[in-house]
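Shown here: data_36.cif, mmCIF, N, CA and C atoms.
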```
data_coords
loop_
_atom_site.label_atom_id
_atom_site.label_comp_id
_atom_site.auth_asym_id
_atom_site.auth_seq_id
_atom_site.Cartn_x
_atom_site.Cartn_y
_atom_site.Cartn_z
N MET X 1 25.12 -6.77 17.40
CA MET X 1 24.72 -6.69 16.01
C MET X 1 24.61 -5.23 15.60
N LYS X 2 25.31 -4.87 14.56
CA LYS X 2 25.31 -3.49 14.10
C LYS X 2 24.21 -3.30 13.06
N LEU X 3 23.46 -2.23 13.21
CA LEU X 3 22.37 -1.92 12.30
C LEU X 3 22.92 -1.19 11.09
N ASN X 4 22.66 -1.72 9.92
CA ASN X 4 23.10 -1.10 8.68
C ASN X 4 22.14 0.04 8.34
N LEU X 5 22.64 1.25 8.28
CA LEU X 5 21.78 2.42 8.05
C LEU X 5 21.16 2.41 6.66
N LYS X 6 21.76 1.72 5.71
CA LYS X 6 21.18 1.65 4.37
C LYS X 6 19.89 0.84 4.38
N ASN X 7 19.77 -0.07 5.34
CA ASN X 7 18.59 -0.93 5.38
C ASN X 7 17.51 -0.45 6.33
N VAL X 8 17.72 0.67 7.00
CA VAL X 8 16.73 1.16 7.95
C VAL X 8 15.40 1.43 7.24
N PHE X 9 15.45 2.04 6.07
CA PHE X 9 14.21 2.35 5.36
C PHE X 9 13.54 1.08 4.82
N LEU X 10 14.32 0.07 4.52
CA LEU X 10 13.74 -1.21 4.13
C LEU X 10 12.99 -1.83 5.31
N TYR X 11 13.59 -1.77 6.49
CA TYR X 11 12.92 -2.28 7.70
C TYR X 11 11.68 -1.45 8.02
N LEU X 12 11.76 -0.14 7.83
CA LEU X 12 10.58 0.71 8.04
C LEU X 12 9.47 0.37 7.06
N SER X 13 9.84 0.02 5.85
CA SER X 13 8.87 -0.37 4.84
C SER X 13 8.11 -1.62 5.27
N VAL X 14 8.84 -2.61 5.72
CA VAL X 14 8.22 -3.86 6.18
C VAL X 14 7.38 -3.59 7.43
N LEU X 15 7.90 -2.78 8.34
CA LEU X 15 7.19 -2.48 9.58
C LEU X 15 5.88 -1.73 9.32
N THR X 16 5.90 -0.73 8.45
CA THR X 16 4.66 0.01 8.17
C THR X 16 3.64 -0.87 7.46
N PHE X 17 4.10 -1.81 6.64
CA PHE X 17 3.15 -2.74 6.02
C PHE X 17 2.50 -3.62 7.07
N ILE X 18 3.30 -4.13 8.00
CA ILE X 18 2.75 -4.99 9.07
C ILE X 18 1.81 -4.20 9.96
N ILE X 19 2.16 -2.97 10.28
CA ILE X 19 1.27 -2.12 11.09
C ILE X 19 -0.05 -1.89 10.35
N SER X 20 0.02 -1.67 9.04
CA SER X 20 -1.21 -1.42 8.28
C SER X 20 -2.15 -2.62 8.28
N LEU X 21 -1.62 -3.81 8.46
CA LEU X 21 -2.47 -5.00 8.51
C LEU X 21 -3.33 -5.05 9.76
N PHE X 22 -2.87 -4.39 10.83
CA PHE X 22 -3.59 -4.44 12.10
C PHE X 22 -4.31 -3.14 12.43
N LEU X 23 -4.45 -2.27 11.45
CA LEU X 23 -5.20 -1.03 11.62
C LEU X 23 -6.46 -1.08 10.76
N PRO X 24 -7.52 -0.42 11.22
CA PRO X 24 -8.70 -0.34 10.36
C PRO X 24 -8.40 0.53 9.15
N VAL X 25 -8.82 0.07 7.99
CA VAL X 25 -8.56 0.83 6.77
C VAL X 25 -9.37 2.11 6.76
N HIS X 26 -10.63 2.02 7.15
CA HIS X 26 -11.52 3.18 7.22
C HIS X 26 -11.91 3.42 8.66
N LEU X 27 -12.17 4.65 9.00
CA LEU X 27 -12.62 4.99 10.36
C LEU X 27 -14.06 5.48 10.39
N ILE X 28 -14.82 5.23 9.33
CA ILE X 28 -16.19 5.75 9.29
C ILE X 28 -17.21 4.71 9.72
N PHE X 29 -16.79 3.50 9.98
CA PHE X 29 -17.74 2.44 10.31
C PHE X 29 -17.94 2.36 11.81
N THR X 30 -19.09 1.80 12.20
CA THR X 30 -19.37 1.64 13.63
C THR X 30 -18.59 0.48 14.22
N THR X 31 -18.21 -0.48 13.38
CA THR X 31 -17.41 -1.61 13.84
C THR X 31 -16.11 -1.65 13.05
N PRO X 32 -15.10 -0.85 13.44
CA PRO X 32 -13.86 -0.78 12.66
C PRO X 32 -13.07 -2.08 12.69
N HIS X 33 -13.32 -2.96 13.67
CA HIS X 33 -12.57 -4.22 13.72
C HIS X 33 -12.93 -5.14 12.56
N ASP X 34 -14.04 -4.88 11.90
CA ASP X 34 -14.41 -5.67 10.71
C ASP X 34 -13.68 -5.21 9.46
N TYR X 35 -12.95 -4.13 9.55
CA TYR X 35 -12.31 -3.55 8.37
C TYR X 35 -10.80 -3.39 8.57
N PHE X 36 -10.19 -4.34 9.26
CA PHE X 36 -8.73 -4.32 9.43
C PHE X 36 -8.04 -4.61 8.11
N GLY X 37 -6.78 -4.20 8.02
CA GLY X 37 -6.02 -4.38 6.79
C GLY X 37 -5.82 -5.82 6.41
N TYR X 38 -5.68 -6.71 7.38
CA TYR X 38 -5.48 -8.11 7.04
C TYR X 38 -6.71 -8.72 6.38
N ILE X 39 -7.87 -8.21 6.68
CA ILE X 39 -9.09 -8.68 6.02
C ILE X 39 -9.10 -8.20 4.57
N TYR X 40 -8.73 -6.96 4.35
CA TYR X 40 -8.63 -6.44 2.98
C TYR X 40 -7.57 -7.19 2.19
N ALA X 41 -6.44 -7.51 2.85
CA ALA X 41 -5.35 -8.21 2.17
C ALA X 41 -5.74 -9.64 1.82
N SER X 42 -6.51 -10.28 2.67
CA SER X 42 -6.87 -11.68 2.40
C SER X 42 -8.07 -11.81 1.48
N LEU X 43 -8.96 -10.84 1.47
CA LEU X 43 -10.18 -10.95 0.65
C LEU X 43 -10.21 -9.99 -0.52
N GLY X 44 -9.11 -9.32 -0.80
CA GLY X 44 -9.08 -8.34 -1.88
C GLY X 44 -9.28 -8.95 -3.25
N TRP X 45 -8.98 -10.23 -3.41
CA TRP X 45 -9.17 -10.89 -4.70
C TRP X 45 -10.64 -10.92 -5.10
N MET X 46 -11.53 -10.76 -4.15
CA MET X 46 -12.97 -10.81 -4.44
C MET X 46 -13.46 -9.56 -5.17
N SER X 47 -12.64 -8.53 -5.24
CA SER X 47 -13.03 -7.30 -5.91
C SER X 47 -12.59 -7.29 -7.37
N PHE X 48 -12.49 -8.48 -7.97
CA PHE X 48 -11.89 -8.62 -9.30
C PHE X 48 -12.44 -7.69 -10.37
N PRO X 49 -13.74 -7.54 -10.57
CA PRO X 49 -14.14 -6.69 -11.70
C PRO X 49 -13.87 -5.20 -11.49
N ASN X 50 -13.54 -4.79 -10.29
CA ASN X 50 -13.34 -3.37 -10.00
C ASN X 50 -11.86 -2.99 -10.08
N LEU X 51 -11.61 -1.69 -10.09
CA LEU X 51 -10.24 -1.20 -10.08
C LEU X 51 -9.53 -1.51 -8.76
N ASP X 52 -10.28 -1.71 -7.70
CA ASP X 52 -9.67 -2.03 -6.41
C ASP X 52 -8.92 -3.35 -6.45
N PHE X 53 -9.24 -4.22 -7.39
CA PHE X 53 -8.51 -5.48 -7.54
C PHE X 53 -7.05 -5.20 -7.88
N PHE X 54 -6.80 -4.23 -8.75
CA PHE X 54 -5.43 -3.90 -9.11
C PHE X 54 -4.68 -3.29 -7.93
N CYS X 55 -5.41 -2.63 -7.07
CA CYS X 55 -4.83 -2.11 -5.84
C CYS X 55 -4.41 -3.27 -4.94
N TRP X 56 -5.20 -4.32 -4.90
CA TRP X 56 -4.87 -5.50 -4.12
C TRP X 56 -3.63 -6.20 -4.67
N ILE X 57 -3.46 -6.19 -6.00
CA ILE X 57 -2.29 -6.80 -6.65
C ILE X 57 -1.00 -6.10 -6.18
N SER X 58 -1.11 -4.86 -5.75
CA SER X 58 0.09 -4.13 -5.32
C SER X 58 0.75 -4.78 -4.11
N ASN X 59 0.03 -5.59 -3.34
CA ASN X 59 0.66 -6.33 -2.25
C ASN X 59 1.74 -7.27 -2.79
N PHE X 60 1.47 -7.89 -3.92
CA PHE X 60 2.44 -8.81 -4.51
C PHE X 60 3.60 -8.05 -5.16
N THR X 61 3.31 -6.93 -5.79
CA THR X 61 4.41 -6.16 -6.38
C THR X 61 5.30 -5.56 -5.29
N LEU X 62 4.70 -5.22 -4.15
CA LEU X 62 5.50 -4.75 -3.01
C LEU X 62 6.40 -5.88 -2.51
N LEU X 63 5.86 -7.08 -2.42
CA LEU X 63 6.66 -8.23 -1.99
C LEU X 63 7.82 -8.47 -2.95
N LEU X 64 7.57 -8.36 -4.24
CA LEU X 64 8.64 -8.50 -5.23
C LEU X 64 9.65 -7.35 -5.12
N GLY X 65 9.16 -6.16 -4.81
CA GLY X 65 10.05 -5.03 -4.60
C GLY X 65 10.97 -5.24 -3.41
N TRP X 66 10.43 -5.85 -2.33
CA TRP X 66 11.28 -6.18 -1.19
C TRP X 66 12.31 -7.24 -1.56
N PHE X 67 11.86 -8.23 -2.30
CA PHE X 67 12.75 -9.34 -2.66
C PHE X 67 13.90 -8.88 -3.55
N PHE X 68 13.60 -7.99 -4.50
CA PHE X 68 14.60 -7.51 -5.44
C PHE X 68 15.04 -6.08 -5.15
N TYR X 69 15.05 -5.66 -3.90
CA TYR X 69 15.29 -4.25 -3.59
C TYR X 69 16.69 -3.78 -3.97
N LYS X 70 17.64 -4.69 -4.12
CA LYS X 70 18.99 -4.28 -4.50
C LYS X 70 19.16 -4.18 -6.01
N LYS X 71 18.20 -4.63 -6.76
CA LYS X 71 18.30 -4.62 -8.23
C LYS X 71 17.38 -3.55 -8.80
N LYS X 72 17.63 -3.18 -10.04
CA LYS X 72 16.80 -2.14 -10.67
C LYS X 72 15.39 -2.64 -10.96
N ILE X 73 15.20 -3.95 -11.13
CA ILE X 73 13.85 -4.48 -11.33
C ILE X 73 13.01 -4.26 -10.07
N GLY X 74 13.67 -4.23 -8.91
CA GLY X 74 12.97 -3.93 -7.66
C GLY X 74 12.40 -2.52 -7.66
N LEU X 75 13.14 -1.60 -8.26
CA LEU X 75 12.63 -0.23 -8.39
C LEU X 75 11.40 -0.18 -9.29
N ILE X 76 11.42 -0.95 -10.35
CA ILE X 76 10.27 -1.00 -11.26
C ILE X 76 9.05 -1.58 -10.53
N PHE X 77 9.26 -2.66 -9.77
CA PHE X 77 8.16 -3.23 -8.99
C PHE X 77 7.66 -2.23 -7.96
N ASN X 78 8.56 -1.49 -7.35
CA ASN X 78 8.16 -0.51 -6.34
C ASN X 78 7.36 0.64 -6.95
N LEU X 79 7.79 1.15 -8.09
CA LEU X 79 7.04 2.22 -8.75
C LEU X 79 5.67 1.72 -9.20
N LEU X 80 5.62 0.48 -9.68
CA LEU X 80 4.32 -0.12 -10.04
C LEU X 80 3.44 -0.24 -8.80
N THR X 81 4.04 -0.58 -7.67
CA THR X 81 3.29 -0.67 -6.42
C THR X 81 2.68 0.68 -6.06
N LEU X 82 3.45 1.74 -6.16
CA LEU X 82 2.94 3.07 -5.84
C LEU X 82 1.79 3.47 -6.76
N ILE X 83 1.91 3.14 -8.04
CA ILE X 83 0.83 3.46 -8.99
C ILE X 83 -0.42 2.67 -8.66
N LEU X 84 -0.26 1.37 -8.41
CA LEU X 84 -1.42 0.53 -8.11
C LEU X 84 -2.08 0.90 -6.79
N MET X 85 -1.26 1.23 -5.78
CA MET X 85 -1.83 1.62 -4.49
C MET X 85 -2.60 2.93 -4.58
N SER X 86 -2.19 3.79 -5.47
CA SER X 86 -2.89 5.07 -5.60
C SER X 86 -4.26 4.92 -6.26
N LEU X 87 -4.55 3.76 -6.82
CA LEU X 87 -5.86 3.52 -7.42
C LEU X 87 -6.94 3.20 -6.39
N TYR X 88 -6.54 3.03 -5.14
CA TYR X 88 -7.53 2.67 -4.12
C TYR X 88 -8.57 3.77 -3.96
N GLY X 89 -9.81 3.39 -3.97
CA GLY X 89 -10.90 4.32 -3.79
C GLY X 89 -11.43 4.94 -5.06
N ILE X 90 -10.84 4.63 -6.20
CA ILE X 90 -11.32 5.19 -7.48
C ILE X 90 -12.76 4.76 -7.74
N ASN X 91 -13.09 3.50 -7.44
CA ASN X 91 -14.46 3.04 -7.65
C ASN X 91 -15.43 3.85 -6.80
N HIS X 92 -15.05 4.13 -5.57
CA HIS X 92 -15.91 4.91 -4.68
C HIS X 92 -16.14 6.31 -5.24
N ILE X 93 -15.10 6.93 -5.74
CA ILE X 93 -15.21 8.28 -6.29
C ILE X 93 -16.05 8.28 -7.56
N LEU X 94 -15.87 7.28 -8.42
CA LEU X 94 -16.61 7.22 -9.67
C LEU X 94 -18.10 6.94 -9.47
N GLU X 95 -18.44 6.29 -8.36
CA GLU X 95 -19.85 5.95 -8.10
C GLU X 95 -20.57 7.01 -7.28
N LEU X 96 -19.90 8.07 -6.88
CA LEU X 96 -20.56 9.12 -6.10
C LEU X 96 -21.56 9.88 -6.95
N ASP X 97 -22.68 10.17 -6.36
CA ASP X 97 -23.66 11.04 -6.98
C ASP X 97 -23.43 12.43 -6.39
N PHE X 98 -22.86 13.31 -7.17
CA PHE X 98 -22.45 14.61 -6.65
C PHE X 98 -23.63 15.53 -6.32
N PHE X 99 -24.81 15.13 -6.73
CA PHE X 99 -25.98 15.93 -6.37
C PHE X 99 -26.54 15.51 -5.01
N ILE X 100 -26.25 14.28 -4.62
CA ILE X 100 -26.68 13.78 -3.32
C ILE X 100 -25.45 13.21 -2.64
N ILE X 101 -24.68 14.06 -2.02
CA ILE X 101 -23.44 13.61 -1.39
C ILE X 101 -23.70 13.31 0.07
N ASP X 102 -23.59 12.03 0.41
CA ASP X 102 -23.66 11.64 1.82
C ASP X 102 -22.28 11.72 2.45
N GLU X 103 -21.32 11.14 1.75
CA GLU X 103 -19.95 11.14 2.23
C GLU X 103 -19.04 11.10 1.01
N TYR X 104 -18.05 11.87 1.05
CA TYR X 104 -17.07 11.81 -0.04
C TYR X 104 -15.65 11.85 0.49
N SER X 105 -15.52 11.97 1.77
CA SER X 105 -14.17 11.93 2.33
C SER X 105 -14.06 10.69 3.21
N LEU X 106 -13.22 9.79 2.80
CA LEU X 106 -12.99 8.59 3.59
C LEU X 106 -11.71 8.77 4.39
N PRO X 107 -11.79 8.76 5.71
CA PRO X 107 -10.56 8.81 6.49
C PRO X 107 -9.84 7.46 6.40
N LEU X 108 -8.86 7.40 5.55
CA LEU X 108 -8.17 6.15 5.25
C LEU X 108 -6.99 5.96 6.19
N PHE X 109 -7.27 5.62 7.42
CA PHE X 109 -6.23 5.55 8.45
C PHE X 109 -5.20 4.47 8.14
N GLY X 110 -5.60 3.24 7.96
CA GLY X 110 -4.68 2.15 7.66
C GLY X 110 -4.08 2.26 6.28
N TYR X 111 -4.80 2.88 5.37
CA TYR X 111 -4.30 3.03 4.00
C TYR X 111 -3.03 3.87 3.95
N TRP X 112 -2.96 4.89 4.78
CA TRP X 112 -1.78 5.75 4.75
C TRP X 112 -0.54 5.02 5.23
N PHE X 113 -0.69 4.14 6.22
CA PHE X 113 0.45 3.31 6.62
C PHE X 113 0.83 2.34 5.51
N TRP X 114 -0.18 1.82 4.83
CA TRP X 114 0.06 0.89 3.72
C TRP X 114 0.79 1.62 2.59
N LEU X 115 0.42 2.85 2.33
CA LEU X 115 1.04 3.63 1.26
C LEU X 115 2.45 4.08 1.64
N LEU X 116 2.73 4.22 2.92
CA LEU X 116 4.08 4.60 3.35
C LEU X 116 5.09 3.48 3.09
N SER X 117 4.63 2.26 3.04
CA SER X 117 5.54 1.13 2.86
C SER X 117 6.34 1.21 1.56
N PRO X 118 5.72 1.41 0.38
CA PRO X 118 6.56 1.54 -0.81
C PRO X 118 7.34 2.85 -0.86
N VAL X 119 6.88 3.88 -0.15
CA VAL X 119 7.64 5.14 -0.11
C VAL X 119 8.95 4.92 0.64
N PHE X 120 8.89 4.22 1.77
CA PHE X 120 10.12 3.89 2.50
C PHE X 120 11.02 2.98 1.69
N LEU X 121 10.41 2.05 0.96
CA LEU X 121 11.21 1.17 0.11
C LEU X 121 11.90 1.97 -0.99
N LEU X 122 11.23 2.94 -1.55
CA LEU X 122 11.83 3.79 -2.57
C LEU X 122 13.02 4.56 -2.02
N VAL X 123 12.89 5.09 -0.82
CA VAL X 123 14.01 5.80 -0.19
C VAL X 123 15.16 4.83 0.04
N SER X 124 14.85 3.62 0.46
CA SER X 124 15.89 2.60 0.67
C SER X 124 16.60 2.27 -0.64
N GLN X 125 15.84 2.16 -1.72
CA GLN X 125 16.45 1.84 -3.01
C GLN X 125 17.31 2.99 -3.52
N ILE X 126 16.88 4.20 -3.31
CA ILE X 126 17.68 5.35 -3.73
C ILE X 126 18.97 5.41 -2.93
N LYS X 127 18.88 5.14 -1.61
CA LYS X 127 20.10 5.12 -0.79
C LYS X 127 21.00 3.96 -1.19
N GLN X 128 20.41 2.84 -1.57
CA GLN X 128 21.20 1.66 -1.94
C GLN X 128 22.01 1.91 -3.21
N HIS X 129 21.37 2.53 -4.18
CA HIS X 129 22.02 2.73 -5.47
C HIS X 129 22.74 4.08 -5.58
N ASN X 130 22.54 4.92 -4.58
CA ASN X 130 23.14 6.25 -4.54
C ASN X 130 22.89 7.01 -5.85
N ASN X 131 23.89 7.28 -6.65
CA ASN X 131 23.70 8.04 -7.88
C ASN X 131 23.61 7.15 -9.10
N GLY X 132 23.78 5.86 -8.97
CA GLY X 132 23.76 4.98 -10.13
C GLY X 132 22.36 4.51 -10.49
N LEU X 133 21.34 5.08 -9.83
CA LEU X 133 19.98 4.60 -10.07
C LEU X 133 19.38 5.19 -11.33
N PHE X 134 19.55 6.48 -11.55
CA PHE X 134 18.89 7.12 -12.69
C PHE X 134 19.91 7.52 -13.73
#
```
Target encoding structure tokens, full file:
Amino acid sequence: MKLNLKNVFLYLSVLTFIISLFLPVHLIFTTPHDYFGYIYASLGWMSFPNLDFFCWISNFTLLLGWFFYKKKIGLIFNLLTLILMSLYGINHILELDFFIIDEYSLPLFGYWFWLLSPVFLLVSQIKQHNNGLF
């Protein structure tokens, strides 16, 4: 079986998403196994009134981006995914009391793998469409 080089970044996108599901999202807790990505992915709907809910919706836009990666609508879903994923942690930043700072830097270990997934998909889409994309 010959590996198509145009699809390598698509496979990397799927792989980094799967890896992010089995990594702790934050590394500041004493029990990081309670904060794996699959728990965030399955229970993210519970954060509905917060901005983090829209970040959770990016899982579905990423799925649509994978499904339509050969079409231009896939690029739109992927760019929407990147925007929504970048909203993660906004609630935490907005609720910080800057006069009494306990912690303001969250080591987002699993988040970075999660964020790499649409970046790899974007590279795959650019390679797929070559110069006809923009």
* What's the 7 Å shell around Leu75 (chain X), counting only C-alpha atoms, without same-chain residues fewer than 6 positions away, as a count of residues only? -> 3
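For the choices X:Asn59, X:Ser20, X:Ser86, X:Thr81, the atom-to-atom distance to Pro118 (chain X) is smallest for X:Thr81 when using only N, CA and C atoms.
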* If the PyMOL selection byres (((chain X and resi 114 and name CA) around 10) and name CA) is run on the structure shown, which residues does it catch, given as a VMD selection string? -> chain X and resid 13 to 21 23 25 37 59 85 108 to 113 115 to 119
* Asked: Can you tell me how far atom N of Leu62 (chain X) sits from atom N of Ile39 (chain X), in Å to one decimal?
  ->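 Result for atom N of Leu62 (chain X) versus atom N of Ile39 (chain X): 16.9 Å, one decimal.
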* Asked: Which value, in Å to one decimal, gives the distance between CA of Lys70 (chain X) and atom N of Tyr40 (chain X)?
  ->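 Going from CA of Lys70 (chain X) over to atom N of Tyr40 (chain X), I get 29.2 Å.
One finds CA of Phe54 (chain X) at 20.0 Å from atom N of Phe68 (chain X).
Among X:Ile83, X:Leu122, X:Leu12, X:Ile76, the residue with the shortest atom-to-atom distance to Leu64 (chain X), counting all atoms listed in the file, is X:Ile76.
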Missing atoms of region 67-78 of chain X rebuilt to all heavy atoms, written as a tab-separated table (two decimals), keeping the file's coordinate frame:
```tsv
chain	number	residue	atom	x	y	z
X	67	PHE	N	11.86	-8.23	-2.30
X	67	PHE	CA	12.75	-9.34	-2.66
X	67	PHE	C	13.90	-8.88	-3.55
X	67	PHE	O	15.03	-9.31	-3.38
X	67	PHE	CB	11.93	-10.44	-3.34
X	67	PHE	CG	12.69	-11.70	-3.57
X	67	PHE	CD1	13.05	-12.52	-2.50
X	67	PHE	CD2	13.07	-12.07	-4.84
X	67	PHE	CE1	13.76	-13.67	-2.70
X	67	PHE	CE2	13.78	-13.23	-5.06
X	67	PHE	CZ	14.14	-14.05	-3.98
X	68	PHE	N	13.60	-7.99	-4.50
X	68	PHE	CA	14.60	-7.51	-5.44
X	68	PHE	C	15.04	-6.08	-5.15
X	68	PHE	O	15.37	-5.34	-6.07
X	68	PHE	CB	14.06	-7.58	-6.88
X	68	PHE	CG	13.77	-8.97	-7.35
X	68	PHE	CD1	12.47	-9.37	-7.61
X	68	PHE	CD2	14.80	-9.87	-7.54
X	68	PHE	CE1	12.21	-10.65	-8.05
X	68	PHE	CE2	14.54	-11.15	-7.99
X	68	PHE	CZ	13.24	-11.54	-8.24
X	69	TYR	N	15.05	-5.66	-3.90
X	69	TYR	CA	15.29	-4.25	-3.59
X	69	TYR	C	16.69	-3.78	-3.97
X	69	TYR	O	16.91	-2.59	-4.15
X	69	TYR	CB	14.98	-3.94	-2.13
X	69	TYR	CG	16.07	-4.28	-1.16
X	69	TYR	CD1	16.96	-3.32	-0.71
X	69	TYR	CD2	16.21	-5.58	-0.68
X	69	TYR	CE1	17.96	-3.63	0.18
X	69	TYR	CE2	17.21	-5.90	0.21
X	69	TYR	CZ	18.08	-4.93	0.64
X	69	TYR	OH	19.06	-5.24	1.52
X	70	LYS	N	17.64	-4.69	-4.12
X	70	LYS	CA	18.99	-4.28	-4.50
X	70	LYS	C	19.16	-4.18	-6.01
X	70	LYS	O	20.17	-3.69	-6.48
X	70	LYS	CB	20.02	-5.27	-3.95
X	70	LYS	CG	20.19	-5.18	-2.46
X	70	LYS	CD	21.31	-6.06	-1.99
X	70	LYS	CE	21.50	-5.91	-0.50
X	70	LYS	NZ	22.61	-6.74	-0.03
X	71	LYS	N	18.20	-4.63	-6.76
X	71	LYS	CA	18.30	-4.62	-8.23
X	71	LYS	C	17.38	-3.55	-8.80
X	71	LYS	O	16.47	-3.07	-8.15
X	71	LYS	CB	17.92	-5.99	-8.78
X	71	LYS	CG	18.79	-7.11	-8.25
X	71	LYS	CD	18.41	-8.40	-8.89
X	71	LYS	CE	19.16	-9.60	-8.38
X	71	LYS	NZ	20.51	-9.53	-8.07
X	72	LYS	N	17.63	-3.18	-10.04
X	72	LYS	CA	16.80	-2.14	-10.67
X	72	LYS	C	15.39	-2.64	-10.96
X	72	LYS	O	14.46	-1.84	-11.01
X	72	LYS	CB	17.48	-1.65	-11.94
X	72	LYS	CG	18.72	-0.84	-11.63
X	72	LYS	CD	19.24	-0.12	-12.82
X	72	LYS	CE	20.49	0.66	-12.41
X	72	LYS	NZ	20.94	1.56	-13.42
X	73	ILE	N	15.20	-3.95	-11.13
X	73	ILE	CA	13.85	-4.48	-11.33
X	73	ILE	C	13.01	-4.26	-10.07
X	73	ILE	O	11.80	-4.09	-10.14
X	73	ILE	CB	13.89	-5.97	-11.75
X	73	ILE	CG1	12.51	-6.45	-12.19
X	73	ILE	CG2	14.40	-6.85	-10.63
X	73	ILE	CD1	12.09	-5.94	-13.51
X	74	GLY	N	13.67	-4.23	-8.91
X	74	GLY	CA	12.97	-3.93	-7.66
X	74	GLY	C	12.40	-2.52	-7.66
X	74	GLY	O	11.33	-2.28	-7.14
X	75	LEU	N	13.14	-1.60	-8.26
X	75	LEU	CA	12.63	-0.23	-8.39
X	75	LEU	C	11.40	-0.18	-9.29
X	75	LEU	O	10.43	0.51	-8.99
X	75	LEU	CB	13.73	0.69	-8.93
X	75	LEU	CG	13.30	2.12	-9.21
X	75	LEU	CD1	13.00	2.84	-7.90
X	75	LEU	CD2	14.33	2.85	-10.00
X	76	ILE	N	11.42	-0.95	-10.35
X	76	ILE	CA	10.27	-1.00	-11.26
X	76	ILE	C	9.05	-1.58	-10.53
X	76	ILE	O	7.95	-1.04	-10.64
X	76	ILE	CB	10.61	-1.80	-12.52
X	76	ILE	CG1	11.67	-1.06	-13.32
X	76	ILE	CG2	9.36	-2.07	-13.36
X	76	ILE	CD1	12.25	-1.84	-14.46
X	77	PHE	N	9.26	-2.66	-9.77
X	77	PHE	CA	8.16	-3.23	-8.99
X	77	PHE	C	7.66	-2.23	-7.96
X	77	PHE	O	6.45	-2.13	-7.72
X	77	PHE	CB	8.59	-4.52	-8.29
X	77	PHE	CG	8.63	-5.71	-9.17
X	77	PHE	CD1	9.76	-6.50	-9.26
X	77	PHE	CD2	7.52	-6.08	-9.93
X	77	PHE	CE1	9.80	-7.61	-10.07
X	77	PHE	CE2	7.56	-7.18	-10.75
X	77	PHE	CZ	8.70	-7.96	-10.82
X	78	ASN	N	8.56	-1.49	-7.35
X	78	ASN	CA	8.16	-0.51	-6.34
X	78	ASN	C	7.36	0.64	-6.95
X	78	ASN	O	6.37	1.09	-6.38
X	78	ASN	CB	9.39	0.00	-5.61
X	78	ASN	CG	9.03	0.80	-4.38
X	78	ASN	OD1	7.97	0.61	-3.81
X	78	ASN	ND2	9.90	1.68	-3.99
```
